[in-house]
Amino acid sequence: MSRERELIRELRQNEHILQIVGVEELWLEWEQLKGITKTAVNYGAPIMDIHTASRLISEFGVHSDRVMIKQYAGKEYVIFRGNPRSRRILKGTRYLAKNPKVIRMAIGPKGITASAKGGFAITALLSCGIEIFSYLIRDASTLSQLLGTVTSDLIKIGISAITATLAGLSVGTVAIVSSVAAAPLVAAIAVGVATGLMLDRIDSRMGATKGLIQAYGKTGSTLANIKNQAQRSLNHLERNPYMIPCLFGPCYGIRGY
Amino acid sequence: MKPTLAQGFFILFNVAAIPLVALGLYEPLQVIAATRAGDSPIPVDNGIHYLILMSVLWVLFGLQIAGLKGKTNIVRRWGSKVLLGWLLACVLIATLTSIGLHTHLTRAGYQACPDPSEQSRLSVGNSLIYHKQSCPA
């Protein structure tokens, strides 16, 4: 009896369940997963910014008037007010704007630009990766669909990143407000999210992505036509080799040299 | 960036925030009105409420005005707290509005279906179409 139980336990331990899924079912599963993944990617850049903002708050506390940007001898410096001992990362009182620590904390113009660049790169990479994977696993997907979607995504991500950077830089430069350490990042988050939403709405209403897909499709068919025409001309020349000199100079009865 | 140019952009973003925040607040009201009227289908973008995040720029503008009027102590003491509190409140309001609208529509007998006009989306939320009956094939 015990041997029987042991055998059953061993069999259960080595049990593997194999599920055979059809391509269409796999596609449907991926369609659902794609939505969730893309949503996660969409939240990625704002979450990263919020994380940086929280680091800034933990570094400086919630009091304002802590950061100033000044130029000395043609170089831009970030000056921190308050007790340096209360800070964990930026323990000095004055840093060059290019300092890696300052950039990592998204402080100053360079820091804000670097933060926006990072957000753009990550969102673009993940979003394009998802679209490419989607194209690879589905037979019915066309290259024009992939190119149209990727182009539209990159344009939208680019515009959002530029607007967010502009907002961050302007808030980081204006009087009074620029002294609040987290203000440029908060402004960049708000403007970036709003720009993305509006661009998506415009795209949905005007069908920009659909238009791009159609345009790529037309370009593809035009290229195919040109290829066919060239092939026809080559075949014609093969059949009528006496016409080859007509390619290089005027020929009797041939127009369009 | 030059301070004058920065101030110009700052004002521009503040002005742009007016219609955007209004849109973020108007959409849920429109959806509720459509539900009461029994309309079908009802298009809902559950990310559009996050447009109210743009109102943080008004807080910043308010802080700037307070600072320029000599109330620097108040700005120094309360600036960051007000800004972060407002940001968190906006995120919370937008999320709760999104959840609340979905619950409201589901209780009214609507079913969320994907929006076929949306080819690709990069911003937060989803574009959905709520139908009274089942989703069209």
# chains A, B, ... in the order shown; residues from 1 in each chain; ligands from 1
call {"tool": "interface_residues", "arguments": {"of": "chain B", "to": "chain A", "cutoff": "9 Å", "atoms": "only C-alpha atoms", "output": "PyMOL selection string"}}
result
chain B and resi 1-10+13+17+20+45+47-48+50-57+60-61+63-65+67-68+72+75-81+83-84+87+117-127
call {"tool": "atom_distance", "arguments": {"atom1": "CA of Leu143 (chain A)", "atom2": "CA of Cys128 (chain A)"}}
result
13.3 Å
call {"tool": "atom_distance", "arguments": {"atom1": "CA of Ile159 (chain A)", "atom2": "CA of Ile202 (chain A)"}}
result
13.0 Å
call {"tool": "residues_around", "arguments": {"residues": "region 25-29 of chain B", "least_positions_apart": "3", "cutoff": "8 Å", "atoms": "only C-alpha atoms", "output": "PyMOL selection string"}}
result
chain B and resi 21-22+32-33+48-49+52+97+101
call {"tool": "atom_distance", "arguments": {"atom1": "CA of Thr142 (chain A)", "atom2": "CA of Trp30 (chain A)"}}
result
17.0 Å
call {"tool": "select_by_dssp", "arguments": {"residues": "chain B", "states": "helix (DSSP H, G or I)", "output": "ChimeraX atom specification"}}
result
/B:3-37,48-68,72-107
call {"tool": "decode", "arguments": {"residues": "region 20-51 of chain B", "atoms": "N, CA and C atoms", "output": "PDB file, in the first residue's frame"}}
result
ATOM      1  N   LEU B  20      -7.974  72.184 -21.012  1.00  0.00           N
ATOM      2  CA  LEU B  20      -7.658  70.766 -20.755  1.00  0.00           C
ATOM      3  C   LEU B  20      -8.314  70.269 -19.464  1.00  0.00           C
ATOM      4  N   VAL B  21      -8.206  71.080 -18.415  1.00  0.00           N
ATOM      5  CA  VAL B  21      -8.838  70.696 -17.140  1.00  0.00           C
ATOM      6  C   VAL B  21     -10.358  70.683 -17.304  1.00  0.00           C
ATOM      7  N   ALA B  22     -10.862  71.674 -18.048  1.00  0.00           N
ATOM      8  CA  ALA B  22     -12.307  71.729 -18.291  1.00  0.00           C
ATOM      9  C   ALA B  22     -12.780  70.466 -19.013  1.00  0.00           C
ATOM     10  N   LEU B  23     -11.977  70.010 -19.975  1.00  0.00           N
ATOM     11  CA  LEU B  23     -12.321  68.777 -20.712  1.00  0.00           C
ATOM     12  C   LEU B  23     -12.313  67.561 -19.785  1.00  0.00           C
ATOM     13  N   GLY B  24     -11.305  67.524 -18.925  1.00  0.00           N
ATOM     14  CA  GLY B  24     -11.192  66.424 -17.963  1.00  0.00           C
ATOM     15  C   GLY B  24     -12.364  66.356 -17.002  1.00  0.00           C
ATOM     16  N   LEU B  25     -12.937  67.520 -16.672  1.00  0.00           N
ATOM     17  CA  LEU B  25     -14.082  67.553 -15.758  1.00  0.00           C
ATOM     18  C   LEU B  25     -15.406  67.391 -16.494  1.00  0.00           C
ATOM     19  N   TYR B  26     -15.431  67.857 -17.750  1.00  0.00           N
ATOM     20  CA  TYR B  26     -16.678  67.847 -18.522  1.00  0.00           C
ATOM     21  C   TYR B  26     -17.061  66.440 -18.981  1.00  0.00           C
ATOM     22  N   GLU B  27     -16.048  65.650 -19.350  1.00  0.00           N
ATOM     23  CA  GLU B  27     -16.306  64.300 -19.901  1.00  0.00           C
ATOM     24  C   GLU B  27     -17.128  63.404 -18.966  1.00  0.00           C
ATOM     25  N   PRO B  28     -16.779  63.295 -17.674  1.00  0.00           N
ATOM     26  CA  PRO B  28     -17.587  62.444 -16.794  1.00  0.00           C
ATOM     27  C   PRO B  28     -19.040  62.914 -16.694  1.00  0.00           C
ATOM     28  N   LEU B  29     -19.230  64.246 -16.683  1.00  0.00           N
ATOM     29  CA  LEU B  29     -20.591  64.791 -16.593  1.00  0.00           C
ATOM     30  C   LEU B  29     -21.395  64.411 -17.838  1.00  0.00           C
ATOM     31  N   GLN B  30     -20.704  64.469 -18.980  1.00  0.00           N
ATOM     32  CA  GLN B  30     -21.340  64.114 -20.253  1.00  0.00           C
ATOM     33  C   GLN B  30     -21.744  62.637 -20.257  1.00  0.00           C
ATOM     34  N   VAL B  31     -20.862  61.800 -19.720  1.00  0.00           N
ATOM     35  CA  VAL B  31     -21.134  60.354 -19.671  1.00  0.00           C
ATOM     36  C   VAL B  31     -22.336  60.083 -18.765  1.00  0.00           C
ATOM     37  N   ILE B  32     -22.377  60.758 -17.607  1.00  0.00           N
ATOM     38  CA  ILE B  32     -23.510  60.565 -16.676  1.00  0.00           C
ATOM     39  C   ILE B  32     -24.818  61.004 -17.335  1.00  0.00           C
ATOM     40  N   ALA B  33     -24.764  62.140 -18.053  1.00  0.00           N
ATOM     41  CA  ALA B  33     -25.966  62.637 -18.740  1.00  0.00           C
ATOM     42  C   ALA B  33     -26.425  61.635 -19.807  1.00  0.00           C
ATOM     43  N   ALA B  34     -25.456  61.069 -20.546  1.00  0.00           N
ATOM     44  CA  ALA B  34     -25.774  60.090 -21.597  1.00  0.00           C
ATOM     45  C   ALA B  34     -26.366  58.816 -20.988  1.00  0.00           C
ATOM     46  N   THR B  35     -25.859  58.416 -19.810  1.00  0.00           N
ATOM     47  CA  THR B  35     -26.387  57.220 -19.133  1.00  0.00           C
ATOM     48  C   THR B  35     -27.837  57.463 -18.695  1.00  0.00           C
ATOM     49  N   ARG B  36     -28.078  58.666 -18.153  1.00  0.00           N
ATOM     50  CA  ARG B  36     -29.437  58.999 -17.698  1.00  0.00           C
ATOM     51  C   ARG B  36     -30.403  59.016 -18.879  1.00  0.00           C
ATOM     52  N   ALA B  37     -29.913  59.490 -20.023  1.00  0.00           N
ATOM     53  CA  ALA B  37     -30.766  59.544 -21.218  1.00  0.00           C
ATOM     54  C   ALA B  37     -30.925  58.162 -21.858  1.00  0.00           C
ATOM     55  N   GLY B  38     -30.122  57.204 -21.413  1.00  0.00           N
ATOM     56  CA  GLY B  38     -30.191  55.834 -21.931  1.00  0.00           C
ATOM     57  C   GLY B  38     -29.553  55.667 -23.293  1.00  0.00           C
ATOM     58  N   ASP B  39     -28.628  56.564 -23.624  1.00  0.00           N
ATOM     59  CA  ASP B  39     -27.945  56.493 -24.932  1.00  0.00           C
ATOM     60  C   ASP B  39     -27.090  55.228 -25.041  1.00  0.00           C
ATOM     61  N   SER B  40     -26.958  54.735 -26.241  1.00  0.00           N
ATOM     62  CA  SER B  40     -26.059  53.605 -26.509  1.00  0.00           C
ATOM     63  C   SER B  40     -25.624  53.659 -27.971  1.00  0.00           C
ATOM     64  N   PRO B  41     -24.372  53.557 -28.276  1.00  0.00           N
ATOM     65  CA  PRO B  41     -23.215  53.359 -27.412  1.00  0.00           C
ATOM     66  C   PRO B  41     -22.725  54.670 -26.782  1.00  0.00           C
ATOM     67  N   ILE B  42     -21.984  54.530 -25.682  1.00  0.00           N
ATOM     68  CA  ILE B  42     -21.381  55.700 -25.023  1.00  0.00           C
ATOM     69  C   ILE B  42     -19.851  55.539 -25.070  1.00  0.00           C
ATOM     70  N   PRO B  43     -19.183  56.418 -25.828  1.00  0.00           N
ATOM     71  CA  PRO B  43     -17.716  56.328 -25.818  1.00  0.00           C
ATOM     72  C   PRO B  43     -17.138  56.930 -24.541  1.00  0.00           C
ATOM     73  N   VAL B  44     -16.228  56.202 -23.921  1.00  0.00           N
ATOM     74  CA  VAL B  44     -15.602  56.671 -22.668  1.00  0.00           C
ATOM     75  C   VAL B  44     -14.084  56.484 -22.747  1.00  0.00           C
ATOM     76  N   ASP B  45     -13.380  57.563 -22.511  1.00  0.00           N
ATOM     77  CA  ASP B  45     -11.924  57.472 -22.410  1.00  0.00           C
ATOM     78  C   ASP B  45     -11.590  57.558 -20.926  1.00  0.00           C
ATOM     79  N   ASN B  46     -11.226  56.415 -20.345  1.00  0.00           N
ATOM     80  CA  ASN B  46     -11.017  56.447 -18.891  1.00  0.00           C
ATOM     81  C   ASN B  46      -9.663  57.020 -18.463  1.00  0.00           C
ATOM     82  N   GLY B  47      -8.934  57.583 -19.422  1.00  0.00           N
ATOM     83  CA  GLY B  47      -7.680  58.255 -19.068  1.00  0.00           C
ATOM     84  C   GLY B  47      -7.818  59.765 -19.118  1.00  0.00           C
ATOM     85  N   ILE B  48      -8.888  60.240 -19.752  1.00  0.00           N
ATOM     86  CA  ILE B  48      -9.045  61.689 -19.979  1.00  0.00           C
ATOM     87  C   ILE B  48      -9.166  62.476 -18.673  1.00  0.00           C
ATOM     88  N   HIS B  49      -9.584  61.790 -17.592  1.00  0.00           N
ATOM     89  CA  HIS B  49      -9.728  62.480 -16.301  1.00  0.00           C
ATOM     90  C   HIS B  49      -8.377  62.955 -15.764  1.00  0.00           C
ATOM     91  N   TYR B  50      -7.304  62.287 -16.248  1.00  0.00           N
ATOM     92  CA  TYR B  50      -5.966  62.672 -15.782  1.00  0.00           C
ATOM     93  C   TYR B  50      -5.538  64.039 -16.322  1.00  0.00           C
ATOM     94  N   LEU B  51      -6.362  64.615 -17.197  1.00  0.00           N
ATOM     95  CA  LEU B  51      -6.064  65.965 -17.695  1.00  0.00           C
ATOM     96  C   LEU B  51      -6.108  66.989 -16.566  1.00  0.00           C
TER      97      LEU B  51
END
